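Okay, protein.txt now, which holds compact mmCIF, C-alpha atoms:
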```txt
# COMPACT_ATOMS: atom_id res chain seq x y z
CA MET A 1 -14.59 4.39 -1.96
CA LYS A 2 -14.40 0.82 -0.67
CA ILE A 3 -14.12 -2.06 -3.14
CA LYS A 4 -15.45 -5.07 -1.26
CA GLN A 5 -14.18 -8.56 -2.08
CA PRO A 6 -16.34 -11.71 -2.29
CA VAL A 7 -16.64 -13.76 0.91
CA GLY A 8 -14.72 -16.63 -0.70
CA GLY A 9 -11.72 -14.44 -1.49
CA PHE A 10 -10.05 -13.65 -4.79
CA SER A 11 -10.56 -15.71 -7.92
CA LYS A 12 -7.64 -17.55 -9.49
CA GLY A 13 -5.62 -15.33 -11.81
CA TYR A 14 -5.79 -11.54 -11.99
CA ASN A 15 -8.48 -9.62 -10.09
CA GLY A 16 -8.61 -6.04 -11.37
CA MET A 17 -9.69 -3.23 -9.05
CA THR A 18 -8.89 0.03 -10.85
CA GLU A 19 -8.25 0.81 -14.51
CA ILE A 20 -6.57 3.79 -16.15
CA ASN A 21 -9.24 3.84 -18.87
CA GLY A 22 -12.10 2.17 -16.99
CA LYS A 23 -13.43 1.79 -13.46
CA PHE A 24 -11.96 4.18 -10.89
CA SER A 25 -9.94 5.87 -13.63
CA ASN A 26 -9.45 8.88 -11.33
CA MET A 27 -6.78 6.78 -9.54
CA LEU A 28 -4.67 7.11 -12.75
CA MET A 29 -3.35 3.55 -12.45
CA ASN A 30 -4.23 -0.05 -13.10
CA TYR A 31 -4.28 -1.97 -9.85
CA GLY A 32 -5.27 -5.51 -8.95
CA ILE A 33 -4.46 -8.68 -7.04
CA LEU A 34 -2.92 -11.70 -8.77
CA ASN A 35 -3.76 -15.10 -7.26
CA LEU A 36 -1.07 -17.32 -8.83
CA GLU A 37 -1.06 -21.12 -8.48
CA ALA A 38 2.00 -23.38 -8.75
CA GLY A 39 3.08 -23.83 -12.37
CA LYS A 40 0.79 -21.09 -13.67
CA SER A 41 2.20 -17.98 -15.34
CA PHE A 42 1.12 -14.40 -15.85
CA LYS A 43 2.57 -12.03 -18.44
CA PHE A 44 2.24 -8.27 -18.72
CA ASP A 45 3.55 -6.38 -21.74
CA GLU A 46 1.60 -3.12 -21.99
CA LYS A 47 3.46 0.15 -22.62
CA LEU A 48 3.26 1.26 -19.00
CA GLU A 49 5.48 1.47 -15.97
CA LYS A 50 4.87 -1.82 -14.16
CA ILE A 51 5.24 -2.65 -10.46
CA VAL A 52 4.97 -6.12 -8.91
CA ILE A 53 4.62 -6.47 -5.12
CA LEU A 54 4.80 -9.95 -3.60
CA LEU A 55 2.41 -10.24 -0.66
CA SER A 56 2.93 -13.94 0.10
CA GLY A 57 4.14 -17.14 -1.55
CA GLU A 58 7.05 -18.05 -3.82
CA ILE A 59 7.44 -17.08 -7.48
CA GLU A 60 9.88 -16.85 -10.34
CA ALA A 61 10.03 -13.47 -12.07
CA ARG A 62 11.38 -13.06 -15.59
CA PHE A 63 12.07 -9.58 -16.97
CA GLY A 64 14.53 -8.34 -19.57
CA ASP A 65 17.36 -10.86 -19.49
CA GLN A 66 16.95 -11.60 -15.76
CA VAL A 67 15.35 -14.47 -13.88
CA VAL A 68 14.91 -14.33 -10.09
CA LYS A 69 13.20 -16.56 -7.55
CA VAL A 70 11.79 -14.94 -4.44
CA SER A 71 9.55 -15.88 -1.52
CA ARG A 72 7.70 -14.09 1.24
CA GLU A 73 5.93 -15.94 4.02
CA SER A 74 3.85 -13.09 5.42
CA CYS A 75 3.23 -9.41 4.71
CA PHE A 76 2.89 -8.91 8.48
CA ASP A 77 6.24 -10.39 9.50
CA ASN A 78 8.43 -10.13 6.40
CA SER A 79 9.53 -7.00 4.56
CA ILE A 80 8.83 -6.05 0.95
CA TRP A 81 9.86 -7.64 -2.32
CA CYS A 82 9.01 -5.49 -5.33
CA LEU A 83 9.92 -5.20 -9.01
CA ASP A 84 9.68 -1.90 -10.93
CA VAL A 85 10.20 -1.87 -14.72
CA ASP A 86 9.70 0.75 -17.42
CA GLU A 87 7.25 0.75 -20.30
CA ASN A 88 9.71 -1.00 -22.63
CA THR A 89 10.31 -3.96 -20.29
CA ASP A 90 7.84 -6.85 -20.07
CA TYR A 91 7.61 -9.35 -17.25
CA GLU A 92 6.40 -12.89 -16.65
CA LEU A 93 5.54 -14.33 -13.24
CA ILE A 94 5.49 -18.09 -12.59
CA GLY A 95 4.01 -19.62 -9.44
CA ILE A 96 6.26 -21.94 -7.41
CA SER A 97 4.38 -22.38 -4.12
CA GLU A 98 0.86 -23.79 -4.05
CA LYS A 99 -0.51 -20.25 -3.93
CA SER A 100 1.13 -16.85 -4.29
CA GLU A 101 -0.57 -13.50 -3.92
CA LEU A 102 0.76 -10.35 -5.56
CA ALA A 103 -0.34 -6.75 -6.01
CA LEU A 104 0.17 -5.47 -9.57
CA VAL A 105 0.31 -1.76 -10.40
CA SER A 106 0.87 -0.02 -13.71
CA THR A 107 0.67 3.58 -14.88
CA GLN A 108 1.73 5.88 -17.67
CA ASN A 109 5.38 6.88 -17.56
CA LYS A 110 7.60 7.66 -20.55
CA SER A 111 10.84 7.63 -18.54
CA ALA A 112 13.34 4.93 -19.51
CA PHE A 113 15.09 3.16 -16.63
CA LYS A 114 16.68 -0.14 -15.75
CA PRO A 115 14.64 -2.68 -13.74
CA HIS A 116 14.71 -2.04 -10.01
CA ILE A 117 14.24 -4.68 -7.32
CA PHE A 118 13.36 -3.69 -3.77
CA ASP A 119 13.74 -6.11 -0.87
CA PRO A 120 14.63 -5.94 2.85
CA SER A 121 18.16 -4.79 1.98
CA ASN A 122 17.01 -1.52 0.41
CA THR A 123 13.58 -0.96 1.95
CA THR A 124 13.31 1.42 4.90
CA GLN A 125 11.49 -0.15 7.85
CA GLU A 126 10.80 1.79 11.03
CA VAL A 127 8.46 1.83 14.00
CA ARG A 128 6.55 5.10 14.12
CA GLY A 129 4.31 6.61 16.72
CA GLU A 130 6.24 5.62 19.82
CA GLY A 131 6.47 8.22 22.56
CA THR A 132 3.58 10.39 21.35
CA MET A 133 -0.20 10.18 21.80
CA GLU A 134 0.34 7.50 24.47
CA ASP A 135 1.62 5.24 21.65
CA ALA A 136 -1.85 5.28 20.04
CA GLY A 137 -0.24 5.56 16.59
CA ARG A 138 2.39 2.82 17.03
CA ARG A 139 2.93 0.94 13.76
CA ILE A 140 5.55 -0.50 11.43
CA VAL A 141 6.13 1.52 8.26
CA ARG A 142 8.02 0.17 5.24
CA THR A 143 8.85 2.47 2.32
CA SER A 144 10.31 1.17 -0.94
CA MET A 145 9.58 3.88 -3.50
CA ASP A 146 9.26 7.65 -3.23
CA LYS A 147 10.58 10.65 -5.16
CA LYS A 148 13.91 10.60 -3.33
CA ILE A 149 14.49 6.85 -3.77
CA THR A 150 12.99 6.45 -7.26
CA PRO A 151 12.83 9.85 -8.98
CA HIS A 152 12.17 8.07 -12.30
CA SER A 153 8.88 6.56 -11.10
CA ASN A 154 5.33 7.89 -11.15
CA ILE A 155 4.44 5.69 -8.17
CA MET A 156 5.19 5.89 -4.46
CA PHE A 157 4.39 2.85 -2.38
CA GLY A 158 4.96 1.14 0.93
CA GLU A 159 3.26 -0.82 3.68
CA ASP A 160 2.00 -0.18 7.20
CA VAL A 161 1.38 -2.82 9.84
CA GLN A 162 -0.75 -1.40 12.64
CA PHE A 163 -0.52 -2.91 16.09
CA PRO A 164 -3.93 -4.00 17.44
CA GLY A 165 -6.11 -1.12 18.58
CA ARG A 166 -3.73 1.52 17.16
CA TRP A 167 -4.14 4.32 14.63
CA ALA A 168 -2.44 5.33 11.38
CA GLY A 169 -2.74 8.59 9.48
CA PHE A 170 -3.42 10.62 12.60
CA PRO A 171 -3.22 13.57 13.11
CA SER A 172 -5.47 13.59 10.06
CA HIS A 173 -3.70 14.30 6.81
CA SER A 174 -4.45 14.65 3.10
CA HIS A 175 -2.59 15.22 -0.15
CA ASN A 176 -3.30 16.28 -3.73
CA GLN A 177 -2.47 12.88 -5.25
CA PRO A 178 -4.84 9.88 -5.53
CA GLU A 179 -4.05 6.88 -3.34
CA ILE A 180 -5.06 3.22 -3.04
CA TYR A 181 -5.09 1.17 0.19
CA PHE A 182 -5.32 -2.64 0.34
CA TYR A 183 -6.00 -4.43 3.65
CA LYS A 184 -5.16 -7.65 5.47
CA PHE A 185 -5.97 -8.60 9.07
CA LEU A 186 -4.45 -11.00 11.57
CA PRO A 187 -6.54 -12.93 12.55
CA GLU A 188 -8.40 -12.66 9.24
CA ASN A 189 -11.80 -11.96 10.82
CA GLY A 190 -10.52 -8.64 12.17
CA PHE A 191 -11.70 -5.21 11.14
CA GLY A 192 -10.82 -1.55 11.23
CA LEU A 193 -12.43 1.80 10.58
CA VAL A 194 -11.36 4.69 8.37
CA LYS A 195 -12.57 8.29 8.05
CA ILE A 196 -12.56 9.48 4.42
CA GLY A 197 -13.32 13.18 4.39
CA ASP A 198 -16.56 13.35 6.39
CA GLU A 199 -17.57 9.71 5.81
CA GLY A 200 -16.66 6.47 7.58
CA GLU A 201 -15.97 2.99 6.19
CA LEU A 202 -15.69 -0.47 7.73
CA LEU A 203 -12.46 -2.22 6.71
CA GLU A 204 -12.18 -6.02 6.46
CA GLN A 205 -9.92 -8.69 4.95
CA ASN A 206 -8.92 -8.01 1.32
CA ASP A 207 -10.80 -4.72 1.05
CA THR A 208 -9.45 -2.07 -1.31
CA LEU A 209 -9.96 1.63 -0.67
CA THR A 210 -9.67 4.36 -3.31
CA ILE A 211 -8.85 7.74 -1.78
CA ASP A 212 -9.62 10.83 -3.83
CA PRO A 213 -7.24 13.81 -3.66
CA ASP A 214 -7.46 16.21 -0.70
CA LEU A 215 -9.54 13.95 1.56
CA VAL A 216 -8.25 13.14 5.05
CA HIS A 217 -7.97 9.40 5.82
CA PRO A 218 -7.07 8.50 9.43
CA GLN A 219 -7.84 4.90 10.44
CA VAL A 220 -7.83 2.55 13.42
CA ALA A 221 -7.56 -1.22 13.91
CA ALA A 222 -9.88 -3.08 16.28
CA PRO A 223 -8.34 -4.31 19.56
CA GLY A 224 -6.75 -7.75 19.21
CA TYR A 225 -6.35 -7.51 15.44
CA ALA A 226 -3.24 -6.42 13.55
CA MET A 227 -4.09 -4.46 10.40
CA TYR A 228 -1.83 -4.45 7.35
CA PHE A 229 -2.33 -2.04 4.49
CA LEU A 230 -0.48 -1.54 1.25
CA TRP A 231 -0.49 2.10 0.18
CA ILE A 232 0.08 3.27 -3.39
CA ILE A 233 0.23 6.95 -4.38
CA ARG A 234 0.20 8.15 -7.99
CA HIS A 235 2.44 11.22 -8.46
CA LEU A 236 0.83 13.96 -10.55
CA ASP A 237 2.65 15.61 -13.44
CA GLY A 238 4.37 18.65 -11.98
CA ASN A 239 2.98 17.82 -8.54
CA PRO A 240 4.60 14.69 -7.05
CA TYR A 241 3.83 13.55 -3.53
CA LEU A 242 6.47 15.02 -1.22
CA GLY A 243 4.59 15.04 2.08
CA PRO A 244 1.10 15.31 3.62
CA ASP A 245 -1.00 18.29 4.62
CA PHE A 246 -2.22 18.01 8.22
CA GLU A 247 -5.46 19.23 9.76
CA GLU A 248 -4.24 21.91 12.13
CA GLU A 249 -6.98 21.31 14.68
CA HIS A 250 -5.60 17.87 15.61
CA LEU A 251 -1.85 18.53 15.61
CA TRP A 252 -1.84 19.32 19.34
CA ALA A 253 -2.47 15.64 20.12
CA GLU A 254 1.04 14.53 19.14
CA LYS A 255 2.99 17.42 20.63
CA PRO A 256 5.36 16.56 23.49
CA GLY A 257 3.65 17.04 26.82
CA ALA A 258 0.12 16.98 25.38
CA LYS A 259 -2.36 16.30 28.19
CA TYR A 260 -5.33 14.00 27.81
CA TRP A 261 -8.45 13.26 29.86
CA PRO A 262 -8.76 12.21 32.65
CA ASN A 263 -5.49 13.77 33.83
CA LEU A 264 -5.71 17.08 32.00
CA ASP A 265 -4.39 19.10 34.94
CA LYS A 266 -1.52 16.83 36.00
```
Starting from the file, lay out its structure as structure tokens.
Amino acid sequence: MKIKQPVGGFSKGYNGMTEINGKFSNMLMNYGILNLEAGKSFKFDEKLEKIVILLSGEIEARFGDQVVKVSRESCFDNSIWCLDVDENTDYELIGISEKSELALVSTQNKSAFKPHIFDPSNTTQEVRGEGTMEDAGRRIVRTSMDKKITPHSNIMFGEDVQFPGRWAGFPSHSHNQPEIYFYKFLPENGFGLVKIGDEGELLEQNDTLTIDPDLVHPQVAAPGYAMYFLWIIRHLDGNPYLGPDFEEEHLWAEKPGAKYWPNLDK
């Protein structure tokens, strides 16, 4: 389901999208966007695993006995900065730049672990989709947390940046675990389209998409517009996300030597 944002953008402070014990509780996580002004602070101390993802701006983060300053100019051009702490560690975020935007995620997790920071030095970034499907799926994929990298966590997350007019999530795939997508466009008036199961949705700046388990979700960006999306998967107890299930009927499209109209016989 699409969660549409107001035309004027996010309000100052925290803008909640999903809640473990409230709206969209089937996502099994609290998720929202923090719009943090210079000199303002935000604290989070609930007994949950907590993840902070800097989308843009400059902040100071305080957690445990550590204090770090970090900046990120653009989620399109710069790689990830993320903080992951356990339920016994609180954090405080203080705005340094005029405006900073962050994605905040939290979920139930009784595992004890030391704070983890992810940045360009330990985030995998790769270009996928080259050389297949006439490069129709060419995109940048950044992965910071998954079961191999962070076996202690109940969250897997990363980012995709789709080149204009290109696809992601195709051949169509699904998985048993709930997922959240959050979108940005460059230029900001861009749009994309996504197929959720048998339904379609228009995607625009700052939209959030909740994806129920076992629904396919391929998507495409409009020509001329780069499309960024943050993806967050909640591992299930006894059933963590380890890989997608593909729709067999579309797998032919990415096989080497696949022939497309109008040159099917060449």
| request: Pick out the closest residue to A:Gly95 from this set: A:Glu199, A:Glu188, A:Glu126, A:Glu37. Count all atoms listed in the file. | output: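 Of A:Glu199, A:Glu188, A:Glu126, A:Glu37, the one nearest A:Gly95 is A:Glu37, counting all atoms listed in the file.
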| task | Write out as a PyMOL selection string each polymer residue whose atoms come within 10 Å of A:Tyr225, counting all atoms listed in the file; drop sequence neighbours fewer than 6 positions from it. | result | chain A and resi 162-166+185-192
| said: Would you compute the distance between atom CA of A:Leu28 and atom CA of A:Glu201? Give it in Å to one decimal. | reply: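 Pair atom CA of A:Leu28 / atom CA of A:Glu201 returns 22.4 Å.
Here the question is which of A:Leu242, A:Met1, A:Ile59, A:Leu236 gets nearest to A:Ser71 using all atoms listed in the file, and that residue is A:Ile59.
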| remark: Pairwise distance, atom CA of A:Ser121 with atom CA of A:Thr143, equals 11.8 Å
| request: Might you pull out every residue within 7 Å of A:Phe63, with all atoms listed in the file counted and same-chain residues fewer than 2 positions away left off, and present them as an NGL selection string? | output: :A and (61 or 65-67 or 89-92)
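If you count only C-alpha atoms and ignore residues fewer than 6 places along the chain from A:Glu248, what sits within 10 Å of it is Pro171, Ser172 and His173 of chain A.
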| said: Taking (3.7, -7.6, -18.3) as a centre in this file's frame and 12 Å as the limit, can you find every polymer residue with an atom that close, using all atoms listed in the file, and give them as a PyMOL selection string? | reply: chain A and resi 41-52+61-64+83-93+104-106
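For the pair atom CA of A:Gly224 and atom CA of A:Phe10, the separation is 24.9 Å.
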| message | I'd like the contact shell of A:Trp81 - 6 Å cut-off, only C-alpha atoms, skipping same-chain residues fewer than 5 positions apart - returned as a list in words. | response | Leu54, Phe118 and Asp119 of chain A
